[in-house]
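Enquirer: Okay, here's the structure, questions in a sec.
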Amino acid sequence: MTDFSYTILIPLIPIFFFLIIGLTGHKMKPIISGLIGTTGLSIAAILSYFTAYQYFFNTEKIDGAYQKILAFNTVWINFTDKLHVDMGVLLDPISVMMLIVVTTISLMVHIYSLGYMKGEKGFARFYAFLSLFSFSMLGLVLATNIFQMYIFWELVGVSSFLLIGFYYEKPSAVSASKKAFIVTRFADLGFLIGILILSFNTGTFDFISLTDIHGTAIASGSGIAFMGLSTMTWSLIFVFIGGAGKSAMFPLHIWLPDAMEGPTPVSALIHAATMVVAGVYLVARLFPVYAISAPDGLTVVAYVGSFSSLFAAVIACTQYDIKRVLAFSTMSQIGYMMVGVGVSRYGGHEGLGFMASMFHLFTHAMFKALLFLGAGAIIHAVHSNVMTDMGGLRKYLPITHITFLIACLTIAGVPFLSAFFSKDEILTAAFHHNKLIFFVQLFVAGLTAFYMFRLYFRIFWNRDTHYHHTPHEAPLTMSIPLMFLAVASIFAGYIPFSKLVTSDGLPLEAHIEWIVAIPSIIVGLLGISIAFVMYKKETTIPQKIGSSFKLLYVGAFNKFYFDEIYLFVTKKIIFNYISRPVAWFDRHVVDATMDGIAWITNAVSFRIKGLQSGQVQQYAFVFVSSAILLGILFIYLFSI
Amino acid sequence: MDYILSGNQIMFILFSAMIVIFSILTVTSRRILRAAVYLLLVLISTSGLYFMLNYQFLAAVQLTLYAGGIVVLIIFSVLLTSHIDEKFESPALLKKVYGAIASILGAVLVINTLLSYTFIPGIEPAKDVNMNLIGNSLISWGEQGYALPFELISILLLAAMIAAIVVAKKVKTK
Amino acid sequence: MDILSLFVIIPVITVLAIILVKNPMQTRLISAIGMGIQLLLAAYLIYAYFAERNAGNMDEMLFMKDIIWYEALNIHYTVGVDGISVAMIALTSVVVFAGVFASWKVDFLPKEFFISLILLSSGVFGFFISLDIFTMFLFYEVAVIPMYLLIGIWGSGPKEYAAMKLTLMLMGGSALLMVGLLGIYTNSAPNGGPLTFNILEIAKVHIPIEAQRMFFPMTFVGFGILGALFPFHTWSPDGHASAPTAVSMLHAGVLMKLGGYGAFRVAIFLLPDAAHELSWIFIILTSISVVYGAFGAIVQKDLKYINAYSSVSHCGLVLFAVLMMNKTAMDGAILQMISHGLMTALFFALIGMIYGRTHTRLINEMGGLMKVMPFLGVAYVIAGLASLGLPGLSGFVAEMTIFVGSFQHVDTFHRVVTIVAVSSIVITAVYILRVVGALLFGPIKNDHFLQLEDAKWYEKISTVTLIMAIAAIGIAPLWLSNMIGDSLQPIIDKLTIMIP
Amino acid sequence: MHTVIPIEYFLVTATLMFFAGVYGFITRKNLITILMSVELMLNAVNIIFIAFNRYLYPGQLEGHFFALFVIAVAAAEAAVAIAIIINIYRNFQSIDVEETDKMKY
Amino acid sequence: MNLESFLLMRHELVLTIITLIVLVAELSVNDDNKRKVISIATVLFGINMVIGFLPNMAGILFGKMYINTDLQWTMKNILNLGVFVVLLQSVAWLKETENKIKISEFYILIFSTLLGMQFMISSGSFLMLYLGLELATIPMAALAAYDRYRSNSAEAGVKLILSAAMSSAVLLLGISFIYGTTGSTYFDVVALKYTTAPLQTLAFILFFSGMAFKISLVPFHLWTADVYEGSPINVTSYLSVISKGASAFILVTVLFTVFNSIALIWKPLMYIIAVLTMTVGNLFAMRQQNMKRFLAFSSIAQAGFILLGIIGASNIGMTSVIYFVFVYIFSNLGAFGVVSVIYYKSRKENMDDYNGLYFTNPKLSLVMMLALFSLAGIPPVAGFFGKFFLFTAAAESGYYWLVFIAVLNATISLYYYLLVVKAMFINKNETPIAYIKTDWPAKVAILICVIGIFAVGFYSGIYQYITSISFGI
């Protein structure tokens with residue numbers, strides 16, 4: 001066995017650099033802190049690649065399956081004899097894959113930000129937060145147990161909060177960061193409850209024992225407990241709520257568009273490539289448990305994923321802020337991944353969906369990061385987020401244009417680019433499992449192609465906009481990551497994922513099923529064509545369509561009013577109908593009772609002052625009559 | 001024997017009637033000097049009762065100290081502080097009601113309790129009360145000796161005297 | 001001189017020294033030195049504790065010292081510590097140390113201020129080392145009373161009202177408490193023999209169940225009032241709002257812990273049967289506390305009120321966990337006490353520092369302070385994150401231990417209320433973020449704020465001490481958790497034996 | 001000496017006298033008359049002592065001596081009381097009890 | 001009668017001699033040198049106190065009329081100590097011009113009332129008890145009326161003497177019934193023959209009313225506040241501390257020795273009275289402005305606490321009562337000492353006048369605060385121990401609810417004590433009482449109180465000793 005204990009360094013390096021930059025960053029030159037952070041992440045990335053190589057190619061398999069390797073483990077806290085939280089590194093195909101994704105994208109973003117964030121106030125802070133995020137995300141993917149995962153889950157949440165709120169003087173950024181945190185926190189509540197139920201049932205947090213398909217953990221709690229579902233199903237549904245929150249699944253998606261208030265590299269890293277897929281990763285992590293003990297849970301996952309992807313795609317067609325379009329696109333793509341795992345079953349070819357989902361996660365990370373970084377370059381050039389301020393940019397930004405186009409083609413599912421393969425596998429799995437979902441996803445594929453090319457044409461073609469100062473291509477630090485990711489987007493599809501990352505660790509024979517692929521290609525091209533017609537030149541078609549489907553359009557444009565609903569729930573219900581009454585009750589009932597007791601005492605004190613009248617004869621009367629009354633009391637009433 | 005007994009009864013009825021009536025008059029009379037005189041009569045009747053019970057010494061003390069001393073003191077002070085013929089208005093009704101409640105209730109309670117109790121006379125033979133015995137008791141310090149209280153009362157009287165002086169003393173103005 | 005008594009003696013000596021000196025600077029220095037020594041002593045105590053345990057000393061209490069005091073009533077001065085007390089002592093010394101620095105610039109009667117503050121702390125230390133209910137109660141009241149003066153003289157706002165309310169409510173609580181303690185005392189020898197106040201002795205006997213039923217509620221509520229048990233918590237918002245910085249720190253940070261500690265060390269430990277029988281009532285009350293406090297905090301406008309309500313919520317969690325009566329939950333309760341102590345002290349310290357600059361505590365009058373005072377801003381964010389249970393900071397460890405522990409209970413009732421309590425983490429996030437957002441972020445509302453300075457050196461000492469403690473527990477909780485857990489074992493044993 | 005007058009007669013007489021004193025104490029306006037009422041009460045107690053002594057415990061003279069000392073105490077009390085009352089008269093120009101209520105509540 | 005007997009009675013004898021010496025001094029010192037009597041009397045009393053502390057022999061004299069065991073010896077010494085403090089506190093007042101002509105009388109009256117109390121404590125029969133009581137009361141009225149040009153003082157005097165006369169008449173009625181039903185006035189005989197017959201119950205209640213008057217238990221307390229307010233401050237402190245303390249001692253011994261057979265009657269009685277006393281005392285104290293009147297009501301409430309020890313009816317109960325009185329002497333005299341110093345220097349005795357006192361007179365304020373905390377029962381000062389032990393005594397007998405009521409009342413009492421603390425430390429004042437230079441006797445007196453307040457609690461030997469001499473039923 002190869003010794004993997006060095007892998008603990010992968011998360012530790014970023015946190016070490018976080019501390020350095022965080023504590024001393026304000027004293028050093030900004031660029032230095034950026035370079036330090038980038039260096040740190042490069043080391044981590046190199047280590048990750050090395051680990052991946054070692055794991056996939058230099059580790060012996062048992063019965064041909066990749067094993068879960070506990071590379072490092074230390075007890076962090078003991079709850080009970082059985083339940084203890086460890087900190088460690090668990091290597092298995094998906095975690096190793098995630099290592100690659102996280103370190104790669106993170107490194108790219110680090111490099112990209114050297115240019116993008118140049119001259120920003122708080123440059124060092126930005127790099128510190130990036131390092132913190134990298135640490136948290138790495139910790140999450142390497143978690144050996146569900147509690148460690150939860151811990152890092154929270155940490156990525158807070159890193160995301162910090163980065164979204166990076167421009168803390170901008171009220172919109174502040175409220176977006178708050179929203180992101182609170183919504184995901186709410187979802188995490190579900191996650192936590194899920195963990196509590198799960199651990200109560202199975203008596204363990206540990207992934208290895210949890211997912212051991214022959215173990216005791218997986219078999220426990222399968223009896224029907226509540227509303228026709230087993231305890232295990234409930235716990236996993238709760239866990240999935242956590243995942244749904246992080247991955248912006250309907251209806252917990254509302255934070256994601258707003259999260260675009262953060263700097264664009266952050267959006268690329270956190271809100272496109274890594275953190276938001278944590279939900280998928282979570283389900284994948286617990287996949288054996290889902291598949292064997294709680295298939296109903298998987299159904300929920302599939303439907304939520306499917307609906308979210310449709311929902312997001314529809315909205316994406318109407319948005320003008322390019323980052324928001326990308327955000328909804330992300331949501332939609334993650335929906336795909338969810339569908340992938342949701343329609344999958346454990347082991348063998350049944351596990352195709354799982355594999356496809358992981359595959360798509362990988363490819364999506366590449367092209368979505370590319371899209372965001374490209375968008376960043378555009379924004380960098382025109383100083384605006386809004387599509388209507390753009391047009392004809394292909395002349396000014398050649399590299400960005402090309403790379404962006406590649407990304408758009410990829411996401412649209414054009415054959416032989418990476419996403420073609422991964423999306424196709426998902427559709428195939430869905431096709432075999434659930435036809436309804438399959439057709440929805442097929443439709444979404446078309447929508448995806450449409451809105452991405454709407455974006456593309458609107459930015460790079462369309463009318464020539466007059467710019468205050470001529471947009472110019474981004475510096476090298478920004479374009480190198482673009483180019484790297486473009487290459488990755490093209491070729492990532494050729495990685496033999498079905499051999500490496502599968503539900504049971506055994507290699508899988510996957511090939512393109514043309515019965516599924518052809519419709520998807522057609523739908524994709526259809527989407528592109530429509531976009532071409534509508535947006536290649538400035539036309540009035542969009543308005544016409546918008547006004548003819550007014551209700552749908554307005555609804556989608558306003559994101560189906562979900563923000564307003566949430567606002568209503570939080571502001572009106574929680575704030576006005578719960579908290580205010582509670583505060584009022586506290587002041588005017590509980591506290592008033594206490595004050596009232598004091599007041600009554602005082603009032604009584606004044607009431608009885610007449611007893612002390614100053615009249616000695618009255619004193620005598622009280623004296624004598626008290627004596628007499630006591631006499632009567634004790635002679636007649638209290639006689640023994 | 002009959003005669004003596006009935007005489008005793010007559011005396012008792014006389015004295016007790018006087019005591020009760022004059023007591024009430026003392027506390028209700030609206031002329032202060034009359035009240036003092038009624039008090040005197042009560043005290044004298046009381047000493048009559050003592051005589052009747054053969055406690056001549058006590059009766060004498062009662063007459064001299066109480067009737068002679070205290071009442072005279074009271075009358076002096078009345079003269080010092082009020083006009084002799086002053087007649088005060090009747091006390092407020094409320095006060096009367098309070099007083100009546102307290103005293104009637106108290107009297108009923110005490111009398112009721114007293115009457116319900118069966119007193120058992122002591123078995124020791126009666127002592128002949130004479131001056132000799134009284135004198136000896138007052139200076140003996142054994143059981144049934146009253147030397148200590150006697151000394152104590154003397155200090156009390158001295159202290160009372162000084163107390164009275166202190167209250168009455170005037171600063172000499174130069 | 002035994003090491004434990006030093007914890008009471010050092011503050012007293014410090015006070016005497018302060019009385020002798022003349023100027024404020026010396027006063028501060030002496031306070032700082034005295035409390036610094038106390039802090040070192042606490043560190044040494046932890047070291048000595050582990051040394052002793054590692055040497056194989058498995059006594060329930062270590063460093064015991066027993067002096068007969070009032071022989072007729074069998075009152076002893078008995079001190080001794082287990083891991084729990086050691087932890088609480090460490091907490092106290094950290095908070096007091098930070099408190100001294102946080103009140104560095106008290107310029108109105110500084111001497112008197114520090115004397116009261118340190119006297120208060122000696123009461124707290126005494127409480128934690130006591131093993132005799134009498135001395136425990138004595139120190140308890142010693143700790144409560146200086147509070148009146150501290151709030152009344154150095155407070156702000158309706159300070160006299162608040163001080164009086166606080167004192168009277170706490171004393172009203174100690175009325176219940178005293179009856180409860182005396183009840184325990186008078187029932188401490190059901191099989192004959194001398195009555196005793198000694199906790200360890202009482203723990204060995206079985207107090208008749210009727211007596212337990214009567215005295216458990218009294219003792220628990222008595223301590224609970226100090227631990228801000230709903231509906232007896234209303235002294236807390238007013239008190240905290242009016243108290244000067246260091247006092248809020250000490251009060252929320254340490255004094256409220258006396259309630260939790262006492263509830264568990266006396267009420268539950270000594271009256272286990274009744275605790276099992278009646279705990280459901282208090283579990284409901286405390287879970288109300290947890291949620292209610294959090295909701296109450298959402299709409300408050302005054303920083304201190306927000307924190308006070310947040311304390312109600314967090315301290316409610318302590319009592320909640322204590323009532324679960326299993327090892328994990330109790331372990332969590334102790335951790336929560338320490339964690340809440342540290343972070344709420346940090347909060348109040350920061351609020352004091354911010355108030356000292358902006359002269360307002362209303363969040364809607366502030367904004368964008370992060371820009372002008374980054375150090376304080378960052379510290380405030382850290383405190384907030386600790387409060388909402390961010391992993392890596394102490395709050396998370398404590399809350400999770402509580403939740404996991406409580407959820408291990410066999411009764412469905414307990415698990416359901418646990419979920420109710422768990423939901424507080426979201427509400428907490430809401431109000432913490434609201435405050436952080438309104439206070440530190442966004443544009444600066446008042447130009448006058450631009451002139452403000454960031455933290456001074458003494459303020460930094462105060463803040464950094466607390467943050468370090470918070471982070472230390474949050475990152476490496478195992479030693480602390482084990483220290484507490486091992487000491488809990490005898491208590492759990494007793495609780496389980498008592499179940500028929 | 002035996003007599004057919006039962007002891008209860010004495011006791012009832014004395015009780016009536018006592019409570020007449022109580023009535024006087026509560027109702028009279030003049031301080032001196034209040035003092036007189038007190039004397040009535042003391043005197044009533046003396047009668048009770050004497051009656052008990054004579055009827056029940058004639059073997060000793062405790063009641064007798066008690067009464068004797070009560071008389072002496074009464075005298076001392078009266079002396080001081082009168083001194084104070086005269087002092088009141090000087091201060092208030094009146095010995096109405098209802099005026100001596102400057103301190104109350 | 002022999003030397004030993006004299007030694008046994010030395011408290012009373014020495015005190016009598018001192019009284020006579022002062023009387024002689026009064027007669028022999030000419031008018032200009034009257035103030036010398038102050039030092040003579042104080043020093044003599046100091047000597048008396050020291051003599052009192054010499055080791056004791058237990059014994060019974062005068063055919064059981066006079067009992068002196070260690071218990072009585074201790075009580076008398078406690079009283080002596082208290083009186084000594086009172087005397088020291090009175091020096092400044094006596095030196096005032098208007099008192100010049102009646103200095104010796106003050107001492108004579110104080111000493112004779114103290115003598116009365118000591119005889120009460122040592123009494124073995126109701127006769128001695130009664131006489132001691134009167135000796136302790138009648139001159140007291142003159143003391144209350146001492147400031148004869150102050151109408152309040154005269155009013156206090158007349159209220160005291162009339163109420164006292166009335167109460168002693170009721171007490172006598174009780175004693176007469178006790179005598180009638182048991183045939184004796186000697187304690188030991190009465191104790192043997194006492195039962196719960198209605199007449200004996202009535203007799204007890206009448207007797208108790210008289211005693212309750214002295215200790216000012218509600219509802220027999222009404223004279224207290226007016227008399228305390230009107231009397232000169234030092235007399236008030238004497239009344240509220242020494243006189244009350246002595247009466248409490250006696251009540252506890254009489255209840256435990258004489259009336260122990262009817263404990264079933266007096267325990268519920270004490271219960272009722274205790275609740276009434278504490279509550280009413282506190283409710284009245286809450287809104288007082290005059291410091292003397294305030295302390296008067298507070299001392300009424302304190303008396304209620306004493307009953308908790310009595311109701312415990314055990315060794316611990318008696319110990320706690322004595323111990324509490326001991327502590328109470330220091331605490332209350334400390335408070336009165338400060339009030340007196342301030343009054344005679346500034347003529348101010350209202351709570352409002354105390355506003356901001358700490359800023360001009362920090363030491364006095366601190367002493368006052370300590371004393372008040374001790375009264376309120378706040379640790380670490382002695383009052384806490386006193387109260388705690390009382391509560392323990394009651395709790396041991398199972399009176400938990402009574403203890404609860406008591407502690408709640410202690411909370412109310414804390415409220416008004418804190419009002420004074422608040423006035424001194426927190427309230428602002430435009431015209432605070434100027435700095436006061438305390439004369440040295442008063443300083444010594446206050447110092448004794450402060451030492452007492454601290455030492456009595458921490459030094460458990462005192463309690464231990466009292467335990468050894470106490471008894472229960």
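Scheme for the structure tokens: letters A, B, ... for chains in order shown; per-chain residue numbers from 1; ligand numbers from 1 in order shown.
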Can you check which residues of chain A have any atom within 8 Å of chain C? Use only C-alpha atoms and format it as a PyMOL selection string.
Expert: chain A and resi 75-80+151-152+154-155+158+168-171+174-175+178+181-182+185-186+189+193+196-197+200+575+578-580+582-583+586+590-591+594
Enquirer: Counting only C-alpha atoms, a student should be able to say which residues of chain A come within 6 Å of chain D; what is the right answer, written as JSON, numbers by chain?
Expert: {"A": [609, 612, 613, 614, 615, 617]}
Enquirer: Residues of the last selection are to be written out with N, CA, C and O atoms, as a PDB file, in the first residue's frame.
Expert:
```
ATOM      1  N   LYS A 609     -49.925  51.952  55.270  1.00  0.00           N
ATOM      2  CA  LYS A 609     -49.226  52.884  56.147  1.00  0.00           C
ATOM      3  C   LYS A 609     -50.152  53.411  57.246  1.00  0.00           C
ATOM      4  O   LYS A 609     -49.690  53.829  58.293  1.00  0.00           O
ATOM      5  N   GLN A 612     -49.842  52.533  60.945  1.00  0.00           N
ATOM      6  CA  GLN A 612     -48.928  53.249  61.819  1.00  0.00           C
ATOM      7  C   GLN A 612     -49.410  54.693  61.891  1.00  0.00           C
ATOM      8  O   GLN A 612     -48.824  55.596  61.329  1.00  0.00           O
ATOM      9  N   SER A 613     -50.514  54.899  62.632  1.00  0.00           N
ATOM     10  CA  SER A 613     -51.174  56.200  62.542  1.00  0.00           C
ATOM     11  C   SER A 613     -50.559  57.247  63.450  1.00  0.00           C
ATOM     12  O   SER A 613     -50.928  58.403  63.383  1.00  0.00           O
ATOM     13  N   GLY A 614     -49.660  56.854  64.321  1.00  0.00           N
ATOM     14  CA  GLY A 614     -49.116  57.816  65.267  1.00  0.00           C
ATOM     15  C   GLY A 614     -49.970  57.953  66.521  1.00  0.00           C
ATOM     16  O   GLY A 614     -49.597  58.649  67.450  1.00  0.00           O
ATOM     17  N   GLN A 615     -51.132  57.308  66.525  1.00  0.00           N
ATOM     18  CA  GLN A 615     -52.032  57.397  67.675  1.00  0.00           C
ATOM     19  C   GLN A 615     -51.740  56.264  68.645  1.00  0.00           C
ATOM     20  O   GLN A 615     -51.962  55.098  68.336  1.00  0.00           O
ATOM     21  N   GLN A 617     -53.281  55.326  71.094  1.00  0.00           N
ATOM     22  CA  GLN A 617     -54.457  54.539  71.478  1.00  0.00           C
ATOM     23  C   GLN A 617     -54.782  53.474  70.439  1.00  0.00           C
ATOM     24  O   GLN A 617     -55.208  52.378  70.767  1.00  0.00           O
TER      25      GLN A 617
END
```
Enquirer: Which polymer residues have any atom within 9 Å of an atom of Ala44 in chain D, counting only C-alpha atoms, with same-chain residues fewer than 5 positions away left out, as a PyMOL selection string?
Expert: (chain B and resi 46) or (chain D and resi 11+13-19+21+39+49) or (chain E and resi 173)
Enquirer: Between CA of Ala379 in chain C and CA of Ser310 in chain C, what distance in Å does the model show, to one decimal?
Expert: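 We find that CA of Ala379 in chain C and CA of Ser310 in chain C lie 17.7 Å from each other.
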Enquirer: With only C-alpha atoms counted and 9 Å as the cut-off, give the residues of chain A in contact with chain E, each with its shortest interatomic distance in Å and the pair that gives it, as JSON lines.
Expert:
```
{"residue": "A:Thr601", "atom": "CA", "partner": "E:Leu283", "partner_atom": "CA", "distance": 7.3}
{"residue": "A:Asn602", "atom": "CA", "partner": "E:Leu283", "partner_atom": "CA", "distance": 7.5}
{"residue": "A:Val604", "atom": "CA", "partner": "E:Leu283", "partner_atom": "CA", "distance": 7.4}
{"residue": "A:Ser605", "atom": "CA", "partner": "E:Leu283", "partner_atom": "CA", "distance": 4.8}
{"residue": "A:Phe606", "atom": "CA", "partner": "E:Arg287", "partner_atom": "CA", "distance": 7.8}
{"residue": "A:Ile608", "atom": "CA", "partner": "E:Phe284", "partner_atom": "CA", "distance": 8.1}
{"residue": "A:Lys609", "atom": "CA", "partner": "E:Phe284", "partner_atom": "CA", "distance": 7.1}
{"residue": "A:Leu611", "atom": "CA", "partner": "E:Leu222", "partner_atom": "CA", "distance": 8.2}
{"residue": "A:Gln612", "atom": "CA", "partner": "E:Leu222", "partner_atom": "CA", "distance": 6.4}
{"residue": "A:Ser613", "atom": "CA", "partner": "E:Leu222", "partner_atom": "CA", "distance": 8.9}
{"residue": "A:Gly614", "atom": "CA", "partner": "E:Asp226", "partner_atom": "CA", "distance": 7.0}
{"residue": "A:Gln615", "atom": "CA", "partner": "E:Lys159", "partner_atom": "CA", "distance": 8.8}
{"residue": "A:Val616", "atom": "CA", "partner": "E:Lys159", "partner_atom": "CA", "distance": 6.1}
{"residue": "A:Gln617", "atom": "CA", "partner": "E:Ser163", "partner_atom": "CA", "distance": 8.6}
{"residue": "A:Gln618", "atom": "CA", "partner": "E:Leu222", "partner_atom": "CA", "distance": 8.9}
{"residue": "A:Tyr619", "atom": "CA", "partner": "E:Leu222", "partner_atom": "CA", "distance": 5.6}
{"residue": "A:Ala620", "atom": "CA", "partner": "E:Ser163", "partner_atom": "CA", "distance": 6.8}
{"residue": "A:Val622", "atom": "CA", "partner": "E:Pro219", "partner_atom": "CA", "distance": 6.9}
{"residue": "A:Phe623", "atom": "CA", "partner": "E:Phe220", "partner_atom": "CA", "distance": 5.3}
{"residue": "A:Val624", "atom": "CA", "partner": "E:Val170", "partner_atom": "CA", "distance": 8.2}
{"residue": "A:Ser626", "atom": "CA", "partner": "E:Pro219", "partner_atom": "CA", "distance": 6.7}
{"residue": "A:Ala627", "atom": "CA", "partner": "E:Ser209", "partner_atom": "CA", "distance": 6.3}
{"residue": "A:Ile628", "atom": "CA", "partner": "E:Leu206", "partner_atom": "CA", "distance": 8.3}
{"residue": "A:Leu630", "atom": "CA", "partner": "E:Ile205", "partner_atom": "CA", "distance": 7.2}
{"residue": "A:Gly631", "atom": "CA", "partner": "E:Leu202", "partner_atom": "CA", "distance": 5.5}
{"residue": "A:Ile632", "atom": "CA", "partner": "E:Leu202", "partner_atom": "CA", "distance": 8.4}
{"residue": "A:Phe634", "atom": "CA", "partner": "E:Ile265", "partner_atom": "CA", "distance": 7.2}
{"residue": "A:Ile635", "atom": "CA", "partner": "E:Pro198", "partner_atom": "CA", "distance": 5.5}
{"residue": "A:Tyr636", "atom": "CA", "partner": "E:Pro198", "partner_atom": "CA", "distance": 8.4}
{"residue": "A:Phe638", "atom": "CA", "partner": "E:Ile265", "partner_atom": "CA", "distance": 8.3}
{"residue": "A:Ser639", "atom": "CA", "partner": "E:Pro198", "partner_atom": "CA", "distance": 8.2}
{"residue": "A:Ile640", "atom": "CA", "partner": "E:Thr196", "partner_atom": "CA", "distance": 7.6}
```
Enquirer: Which polymer residues have any atom within 10 Å of an atom of Gly83 in chain C, counting only C-alpha atoms, with same-chain residues fewer than 3 positions away left out, as JSON, numbers by chain?
Expert: {"C": [46, 49, 50, 53, 60, 61, 62, 86, 87, 88, 89, 480, 481, 482, 483, 484, 485, 486, 487, 488]}
Enquirer: By how many Å are CA of Leu255 in chain E and CA of Ile310 in chain E apart?
Expert: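 Calculated distance between CA of Leu255 in chain E and CA of Ile310 in chain E is 8.2 Å.
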Enquirer: Just want the 7 Å neighbourhood of range 372-385 of chain E, counted on only C-alpha atoms, with same-chain residues fewer than 4 positions away dropped. Output as a list of chain:residue names.
Expert: C:Leu138, C:Glu141, C:Val142, E:Val327, E:Tyr328, E:Ser331, E:Ala335, E:Met368, E:Phe389, E:Ala410, E:Ser413, E:Leu414, E:Tyr417, E:Ile453, E:Phe454, E:Val456, E:Gly457
Enquirer: Looking at C:Gly36, C:Gly155, C:Pro244, C:Gly80, which one is nearest to chain E, with distances taken over only C-alpha atoms?
Expert: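 Of C:Gly36, C:Gly155, C:Pro244, C:Gly80, the one nearest chain E is C:Gly155, counting only C-alpha atoms.
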Enquirer: Select, as a list in words, those residues of chain E with any atom no more than 6 Å from chain C (distances computed using only C-alpha atoms).
Expert: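 Close to chain C, chain E has Pro379, Glu396, Phe404, Val407, Leu408, Thr411, Ile426 and Ser460 of chain E.
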Enquirer: Skipping near chain neighbours, those fewer than 5 positions away, what residues fall within 12 Å of Phe216 in chain C using only C-alpha atoms, listed as a ChimeraX atom specification?
Expert: /C:176-184,207-211,221-224,262-264,266-279,281-282,323
Enquirer: Please give the complete set of residues from range 81-146 of chain B that DSSP, run on the backbone, assigns to helix (DSSP H, G or I), formatted as a PyMOL selection string.
Expert: chain B and resi 81+93-116+131-139
Enquirer: Just to confirm, what's the straight-line distance from CA of Met468 in chain C to CA of Ala383 in chain C in Å (one decimal)?
Expert: 11.3 Å
